[in-house]
Amino acid sequence: MKRQRIRSSIREYSRLVIICSILILGTTGCWNRRELPDLAIVVGVGLDKVEDEEVTDKLELTAQIVKTSEMKSGNKGGGNSEAYWNAKNTGNSIFATIRGFTHQASRKLYWPHNQVIIFGRDLAKKGIQEYLDFFVRDQETRLGVWILVADDKASEILEVRPSLEKTPAISLDHLLEAQVATSQTSAIKLNEFVNRLLSKTTAPIAAMVKISSQGSEKSLLVTGTAVFKADKLIGELNITETLGLLWIINEVKSGIIDVECPESNGKVSLEIIRAKSKVTPEIIENKVHFKVEIEEESNIGSQSCSDNLEHLDAIEKLEEAQIAAIESEVRAALSKAKRLNADVFGFGDILHQKLPSEWKEMESMWDEVFPTIEVEVSVDTNVRRSGSSRKAVGQKEE
Amino acid sequence: MKLEKGELSSTQLMFLVAGFIQGSLLTLSFSKEVVKHDIWIAAIASFLLNLPLAFVYLTLALKFPGQNLIQINDNIFGPYLGKLVSLQYICLFFMIIAANLWFVGDFIITFFMPETPILVVMIMFTFICAWAVRAGIEVFARMSFLLVLMTSLTALITFALLLKDTKFSYFLPIFEVPIYDFLHGTHILMAIPFNEVFVFTMVIPYVNKLKQVKSSVLYGLIIGGITFLIVVIRNTAVLGPISNIVTSPSMETVRLIDIGKIISRLEAIVAIAFLVTMFLKVAVFYYATVLGIAQLLKLRSYVPLVIPIGILGIIIALSYESSIQFIYTATNTYPIFSLPFYVVLPVLSLLIAKLRKLPKQKERKAQ
Amino acid sequence: MIFLLMSVFIIIVLFEAPNLVRNKHWRELVVFSILLLLAFTLALLQTYGVRIPNPGKLIDFLVRDLLHLNYE
């Protein structure tokens with residue numbers, strides 16, 4: 001009896017051990033292990049067009065790879081080594097180029113931490129659909145990366161040493177997130193870009209990044225918007241036009257409007273707190289009308305004149321000046337878009353959503369219809385607060 | 001003669017049904033390509049259309065208390081034809097196991113472990129399922145509560161975290177797809193997963209309170225349907241048109257969660273949550289197959305059959321060559337194929353049962 | 001590869017068979033052996049690279065080529 005009990009308990013025990021070992025070996029994913037030293041973590045990628053001897057249109061890919069050992073904070077002045085390495089490779093198709101990195105890098109590229117995708121201007125003019133397809137289709141890349149168009153070459157953008165961050169790509173990421181404070185560029189992520197691309201009428205947009213050199217120091221400047229038609233770059237919007245665009249597509253989160261003082265010479269800076277826009281389409285006599293209603297709230301940020309801005313009519317004058325400023329920005333954006341014949345505002349999609357039956361006839365002819373649309377802009381502004389002081393700092397001028 | 005010694009309570013049944021339906025959350029993308037942004041309407045429509053069918057299944061099951069599907073078929077169609085019908089059902093359930101196994105393997109391999117051979121993933125998954133089925137249905141019915149809770153919480157929390165990225169204009173214009181495509185999409189959603197509650201006719205005899213079966217299954221369907229709706233609305237509102245072209249909208253949606261750079265990269269949690277409910281689904285079908293074979297051949301216990309069926313399942317699952325062919329079959333031909341099994345035969349069975357006034361001890365023709 | 005396959009199957013037999021024999025469940029043993037043999041042959045065929053028809057193709061053939069009832 002005792003022998004049987006021992007035998008059965010041994011059997012139980014061995015069953016437990018076998019099952020545990022199967023589970024441990026099988027469920028931990030050991031087959032596909034990728035240890036940290038085997039990964040080349042890409043934080044930013046730039047794509048440019050280069051010319052080669054045999055083939056004219058080749059792709060040059062610059063991958064900004066993080067050197068994990070140099071990322072320790074407080075190690076800046078020490079050696080002259082940077083925390084990143086820009087690896088370049090050329091090839092015919094994007095996938096072949098990326099695989100080709102194994103010839104130079106000792107590790108395979110690891111994409112999930114990628115923050116930005118920068119397209120060089122020449123490449124953007126040629127068309128970027130095939131590259132976007134890779135970034136959407138691959139399982140490691142994420143849809144939340146920023147898309148940028150470089151003023152000239154993307155590889156140069158990735159070379160600029162940042163002053164506050166460790167790598168240019170990460171500083172670009174923080175830069176784009178900080179753009180909401182000024183609303184002077186449209187910070188677009190990959191998924192919004194592809195959504196615009198998928199729509200047959202809306203023009204994709206992306207932020208433009210330039211290198212500004214002050215003396216010998218170079219720094220990156222994100223300003224303006226790049227406008228695409230389908231996947232090819234066709235034009236740019238400057239700061240005023242970008243502001244107008246952002247007003248219409250309801251993406252203004254914060255910003256500054258400068259208006260003239262109501263009575264004397266000087267400027268009042270108003271800080272935008274909230275902005276909302278609504279676009280309604282109408283079809284009147286076979287012509288497409290869009291009614292844009294913008295509502296905005298702002299605070300007084302600073303004033304350079306010493307007017308007493310506490311009166312109601314002073315506030316009203318400020319509000320009117322604001323309305324005029326906003327309207328001019330919106331008009332500038334509309335005229336530029338019409339000139340480029342690119343529906344950056346998504347008016348076609350709005351027509352599609354609100355009036356689908358009329359949309360069916362217009363969809364294929366949107367290129368001809370878009371320059372003829374009429375847009376009616378109505379702005380409503382409110383100046384709410386004046387900050388911590390009520391009157392101006394300074395004497396009233398006589 | 002009862003093959004299964006365990007007993008389920010009606011709450012366990014409810015959560016089992018809910019988890020079973022939630023197991024198909026990842027297969028939403030089949031219908032999404034067809035119906036595009038009207039998929040929420042298709043989800044509601046398929047749920048409503050399924051309710052009368054579920055009613056038919058439940059009435060059939062409750063007419064023969066204590067008898068599972070195989071015995072019911074024997075009763076209704078007679079000994080020889082009934083066995084033939086039961087054999088067809090067993091083959092169908094087995095085929096569904098293989099298909100789901102392949103789907104699980106493909107999902108894990110695509111997103112998490114591209115270099116692992118799909119065989120390894122399938123073996124591990126089947127190992128767990130086989131173990132659960134050998135232990136009896138009561139075991140994984142008891143677990144279903146936790147699993148359903150996990151999946152529902154995941155769906156709700158990811159929806160809440162993504163609220164700031166939702167754009168409800170992606171749902172407009174409403175009902176844009178042509179009727180034919182809409183019916184197609186609804187039919188796909190009905191075939192996978194709503195109609196598959198038919199397999200519960202194998203499970204219902206072992207519930208202890210038969211009076212509550214109808215309400216339990218109904219509540220289970222409602223919980224599953226609501227989770228479906230939440231996930232579908234979340235995916236469409238956050239991604240927009242991209243959700244129609246990506247393989248797995250749920251994964252891409254959750255990848256966009258990035259709150260303060262700390263709460264990000266949550267897709268692993270989502271994958272785990274939806275994978276465990278897929279485990280429930282495969283386990284229920286597995287159990288139905290094994291029990292069916294045992295019942296058909298009048299065996300005394302189904303336990304020794306579990307492992308061979310598992311291995312056969314893996315082998316058949318390995319024979320699927322590409323995901324493209326799988327998606328084509330699931331979208332276009334499988335819904336039609338499943339029609340006779342889930343619609344025609346059950347309704348026919350119920351009619352015949354009513355006409356023959358079953359189950360009576362003596363058969364009396366209608367006077 | 002074949003060695004691995006055979007060892008797996010032998011382990012399964014060792015796992016299940018003694019129970020069945022001890023309880024004299026002859027019918028179950030027969031069914032178990034048949035199914036296991038089927039699995040073994042199919043696994044062997046697959047290891048050798050013989051393509052097994054998969055249910056998807058069968059369904060496609062039935063619905064599309066015979067009945068022309070498919071959606072697309």
# chains A, B, ... in the order shown; residues from 1 in each chain; ligands from 1
>>> interface_residues(of="chain A", to="chain B", cutoff="10 Å", atoms="only C-alpha atoms", output="CSV table (one decimal) with N, CA and C atoms, in the first residue's frame")
chain,number,residue,atom,x,y,z
A,19,ILE,N,4.6,19.3,-17.0
A,19,ILE,CA,3.7,20.3,-17.5
A,19,ILE,C,4.3,21.7,-17.3
A,22,ILE,N,6.9,22.3,-19.9
A,22,ILE,CA,6.3,22.6,-21.2
A,22,ILE,C,5.8,24.0,-21.3
A,23,LEU,N,5.2,24.4,-20.2
A,23,LEU,CA,4.6,25.8,-20.2
A,23,LEU,C,5.7,26.8,-20.2
A,25,LEU,N,8.8,26.6,-21.3
A,25,LEU,CA,9.5,26.6,-22.5
A,25,LEU,C,8.7,27.2,-23.6
A,26,GLY,N,7.4,26.9,-23.6
A,26,GLY,CA,6.6,27.2,-24.7
A,26,GLY,C,6.0,28.6,-24.7
A,27,THR,N,5.7,29.1,-23.5
A,27,THR,CA,4.9,30.3,-23.6
A,27,THR,C,5.7,31.6,-23.4
A,29,GLY,N,8.0,32.7,-25.5
A,29,GLY,CA,8.4,33.3,-26.7
A,29,GLY,C,9.9,33.3,-27.0
A,30,CYS,N,10.5,32.3,-26.5
A,30,CYS,CA,12.0,32.3,-26.6
A,30,CYS,C,12.4,32.2,-28.1
A,31,TRP,N,11.6,31.7,-28.9
A,31,TRP,CA,12.0,31.5,-30.3
A,31,TRP,C,12.3,32.8,-31.0
A,32,ASN,N,11.5,33.8,-30.6
A,32,ASN,CA,11.7,35.1,-31.3
A,32,ASN,C,12.3,36.1,-30.4
A,33,ARG,N,13.2,35.7,-29.6
A,33,ARG,CA,13.8,36.7,-28.6
A,33,ARG,C,14.7,37.6,-29.4
A,34,ARG,N,14.5,38.9,-28.9
A,34,ARG,CA,15.4,39.9,-29.5
A,34,ARG,C,16.0,40.6,-28.3
A,112,PRO,N,9.7,50.3,-33.6
A,112,PRO,CA,8.6,50.8,-32.7
A,112,PRO,C,8.9,52.1,-32.0
A,136,VAL,N,2.8,51.9,-43.2
A,136,VAL,CA,1.5,51.5,-42.7
A,136,VAL,C,1.5,50.0,-42.6
A,137,ARG,N,2.1,49.3,-43.6
A,137,ARG,CA,2.0,47.9,-43.6
A,137,ARG,C,2.8,47.1,-42.6
A,138,ASP,N,4.0,47.7,-42.3
A,138,ASP,CA,4.9,47.0,-41.5
A,138,ASP,C,4.4,46.9,-40.1
A,139,GLN,N,4.6,45.8,-39.4
A,139,GLN,CA,4.0,45.6,-38.1
A,139,GLN,C,4.8,46.3,-37.0
A,140,GLU,N,6.0,46.7,-37.2
A,140,GLU,CA,6.8,47.3,-36.2
A,140,GLU,C,6.5,48.8,-36.2
A,141,THR,N,6.3,49.4,-37.3
A,141,THR,CA,6.1,50.8,-37.4
A,141,THR,C,4.7,51.2,-36.8
A,142,ARG,N,4.7,52.4,-36.3
A,142,ARG,CA,3.4,52.8,-35.6
A,142,ARG,C,2.8,53.9,-36.4
A,143,LEU,N,1.4,54.0,-36.2
A,143,LEU,CA,0.7,55.1,-37.0
A,143,LEU,C,0.9,56.4,-36.4
A,144,GLY,N,1.4,56.5,-35.2
A,144,GLY,CA,1.5,57.8,-34.5
A,144,GLY,C,2.7,58.6,-34.7
A,145,VAL,N,3.5,58.3,-35.8
A,145,VAL,CA,4.7,59.1,-36.0
A,145,VAL,C,4.3,60.4,-36.7
A,191,ASN,N,-1.3,58.6,-39.4
A,191,ASN,CA,-2.6,58.2,-39.7
A,191,ASN,C,-3.5,59.2,-40.3
A,192,GLU,N,-3.3,60.5,-39.8
A,192,GLU,CA,-4.1,61.6,-40.4
A,192,GLU,C,-3.7,61.8,-41.9
A,194,VAL,N,-2.5,59.6,-43.9
A,194,VAL,CA,-3.0,58.5,-44.8
A,194,VAL,C,-4.5,58.6,-45.0
A,195,ASN,N,-5.2,59.1,-43.9
A,195,ASN,CA,-6.6,59.3,-44.1
A,195,ASN,C,-6.9,60.3,-45.2
A,196,ARG,N,-6.1,61.4,-45.2
A,196,ARG,CA,-6.3,62.4,-46.2
A,196,ARG,C,-5.9,61.8,-47.6
A,197,LEU,N,-4.9,61.0,-47.6
A,197,LEU,CA,-4.5,60.4,-48.9
A,197,LEU,C,-5.6,59.5,-49.4
A,198,LEU,N,-6.2,58.7,-48.5
A,198,LEU,CA,-7.2,57.8,-48.9
A,198,LEU,C,-8.5,58.5,-49.5
A,199,SER,N,-8.7,59.7,-49.0
A,199,SER,CA,-9.9,60.4,-49.5
A,199,SER,C,-9.6,60.9,-50.9
A,349,ASP,N,-14.8,66.3,-48.4
A,349,ASP,CA,-15.3,65.3,-47.4
A,349,ASP,C,-16.5,65.8,-46.7
A,350,ILE,N,-16.5,67.1,-46.3
A,350,ILE,CA,-17.6,67.6,-45.5
A,350,ILE,C,-18.9,67.5,-46.4
A,351,LEU,N,-18.7,67.9,-47.7
A,351,LEU,CA,-19.8,67.8,-48.6
A,351,LEU,C,-20.3,66.3,-48.7
A,352,HIS,N,-19.3,65.4,-48.7
A,352,HIS,CA,-19.6,64.0,-48.8
A,352,HIS,C,-20.4,63.6,-47.6
A,353,GLN,N,-20.0,64.1,-46.4
A,353,GLN,CA,-20.7,63.6,-45.2
A,353,GLN,C,-22.1,64.2,-45.0
A,354,LYS,N,-22.2,65.5,-45.4
A,354,LYS,CA,-23.5,66.1,-45.1
A,354,LYS,C,-24.5,66.0,-46.2
A,355,LEU,N,-24.0,66.0,-47.5
A,355,LEU,CA,-24.9,65.9,-48.6
A,355,LEU,C,-24.5,64.9,-49.5
A,356,PRO,N,-24.6,63.6,-49.1
A,356,PRO,CA,-24.0,62.5,-50.0
A,356,PRO,C,-24.6,62.4,-51.4
A,357,SER,N,-25.9,62.7,-51.5
A,357,SER,CA,-26.4,62.5,-52.9
A,357,SER,C,-25.9,63.5,-53.9
>>> interface_residues(of="chain B", to="chain C", cutoff="7 Å", atoms="only C-alpha atoms", output="PDB file with N, CA and C atoms, in the first residue's frame")
ATOM      1  N   MET B  95     -13.927  21.695 -38.219  1.00  0.00           N
ATOM      2  CA  MET B  95     -13.361  22.617 -39.181  1.00  0.00           C
ATOM      3  C   MET B  95     -13.213  24.009 -38.580  1.00  0.00           C
ATOM      4  N   LEU B 299     -19.404   5.901 -26.642  1.00  0.00           N
ATOM      5  CA  LEU B 299     -18.289   5.623 -25.761  1.00  0.00           C
ATOM      6  C   LEU B 299     -18.642   6.026 -24.344  1.00  0.00           C
ATOM      7  N   PRO B 304     -10.176  10.261 -23.714  1.00  0.00           N
ATOM      8  CA  PRO B 304      -9.053   9.843 -24.558  1.00  0.00           C
ATOM      9  C   PRO B 304      -9.093  10.436 -25.956  1.00  0.00           C
ATOM     10  N   LEU B 305     -10.240  10.973 -26.365  1.00  0.00           N
ATOM     11  CA  LEU B 305     -10.310  11.492 -27.724  1.00  0.00           C
ATOM     12  C   LEU B 305      -9.703  12.865 -27.864  1.00  0.00           C
ATOM     13  N   PRO B 308      -5.993  13.193 -29.719  1.00  0.00           N
ATOM     14  CA  PRO B 308      -5.939  12.961 -31.168  1.00  0.00           C
ATOM     15  C   PRO B 308      -6.686  14.025 -31.957  1.00  0.00           C
ATOM     16  N   ILE B 311      -4.460  17.004 -32.231  1.00  0.00           N
ATOM     17  CA  ILE B 311      -3.385  16.898 -33.218  1.00  0.00           C
ATOM     18  C   ILE B 311      -3.948  17.013 -34.629  1.00  0.00           C
ATOM     19  N   LEU B 312      -5.097  16.371 -34.843  1.00  0.00           N
ATOM     20  CA  LEU B 312      -5.713  16.489 -36.165  1.00  0.00           C
ATOM     21  C   LEU B 312      -6.056  17.940 -36.474  1.00  0.00           C
ATOM     22  N   ILE B 315      -3.018  19.770 -37.546  1.00  0.00           N
ATOM     23  CA  ILE B 315      -2.564  19.414 -38.894  1.00  0.00           C
ATOM     24  C   ILE B 315      -3.441  20.080 -39.946  1.00  0.00           C
ATOM     25  N   ILE B 316      -4.751  20.028 -39.721  1.00  0.00           N
ATOM     26  CA  ILE B 316      -5.631  20.664 -40.702  1.00  0.00           C
ATOM     27  C   ILE B 316      -5.410  22.172 -40.709  1.00  0.00           C
ATOM     28  N   SER B 319      -2.704  23.365 -42.804  1.00  0.00           N
ATOM     29  CA  SER B 319      -2.835  23.252 -44.251  1.00  0.00           C
ATOM     30  C   SER B 319      -3.339  24.531 -44.897  1.00  0.00           C
ATOM     31  N   TYR B 320      -3.778  25.489 -44.089  1.00  0.00           N
ATOM     32  CA  TYR B 320      -4.127  26.784 -44.676  1.00  0.00           C
ATOM     33  C   TYR B 320      -2.852  27.465 -45.109  1.00  0.00           C
ATOM     34  N   PHE B 326      -7.464  32.744 -46.688  1.00  0.00           N
ATOM     35  CA  PHE B 326      -8.318  32.584 -45.513  1.00  0.00           C
ATOM     36  C   PHE B 326      -9.343  33.706 -45.437  1.00  0.00           C
ATOM     37  N   THR B 329     -11.993  33.251 -48.103  1.00  0.00           N
ATOM     38  CA  THR B 329     -12.987  32.245 -47.753  1.00  0.00           C
ATOM     39  C   THR B 329     -13.925  32.743 -46.672  1.00  0.00           C
ATOM     40  N   ASN B 332     -16.266  35.598 -48.231  1.00  0.00           N
ATOM     41  CA  ASN B 332     -17.172  35.395 -49.356  1.00  0.00           C
ATOM     42  C   ASN B 332     -17.893  34.068 -49.361  1.00  0.00           C
ATOM     43  N   THR B 333     -17.204  32.981 -49.054  1.00  0.00           N
ATOM     44  CA  THR B 333     -17.867  31.697 -49.246  1.00  0.00           C
ATOM     45  C   THR B 333     -18.345  31.059 -47.950  1.00  0.00           C
ATOM     46  N   TYR B 334     -17.650  31.291 -46.858  1.00  0.00           N
ATOM     47  CA  TYR B 334     -18.052  30.602 -45.625  1.00  0.00           C
ATOM     48  C   TYR B 334     -19.448  30.981 -45.133  1.00  0.00           C
ATOM     49  N   ILE B 336     -22.114  31.583 -46.776  1.00  0.00           N
ATOM     50  CA  ILE B 336     -23.117  30.805 -47.506  1.00  0.00           C
ATOM     51  C   ILE B 336     -23.044  29.348 -47.073  1.00  0.00           C
ATOM     52  N   PHE B 337     -21.811  28.881 -46.891  1.00  0.00           N
ATOM     53  CA  PHE B 337     -21.634  27.488 -46.515  1.00  0.00           C
ATOM     54  C   PHE B 337     -22.276  27.207 -45.175  1.00  0.00           C
TER      55      PHE B 337
END
>>> interface_residues(of="chain A", to="chain C", cutoff="12 Å", atoms="only C-alpha atoms", output="list in words")
Arg11, Arg15 and Ile18 of chain A
>>> select_by_dssp(residues="chain C", states="helix (DSSP H, G or I)", output="PyMOL selection string")
chain C and resi 2-22+26-47+55-66
>>> residues_around(residues="Lys83 (chain B)", least_positions_apart="2", cutoff="10 Å", atoms="only C-alpha atoms", output="ChimeraX atom specification")
/B:70-71,73-75,77-81,85-89,296-297
>>> closest_residue(among="A:Ile248, A:Met362, A:Val393, A:Ile170", to="Glu293 (chain A)", atoms="only C-alpha atoms")
A:Ile248
>>> atom_distance(atom1="CA of Lys200 (chain A)", atom2="CA of Leu246 (chain A)")
20.8 Å
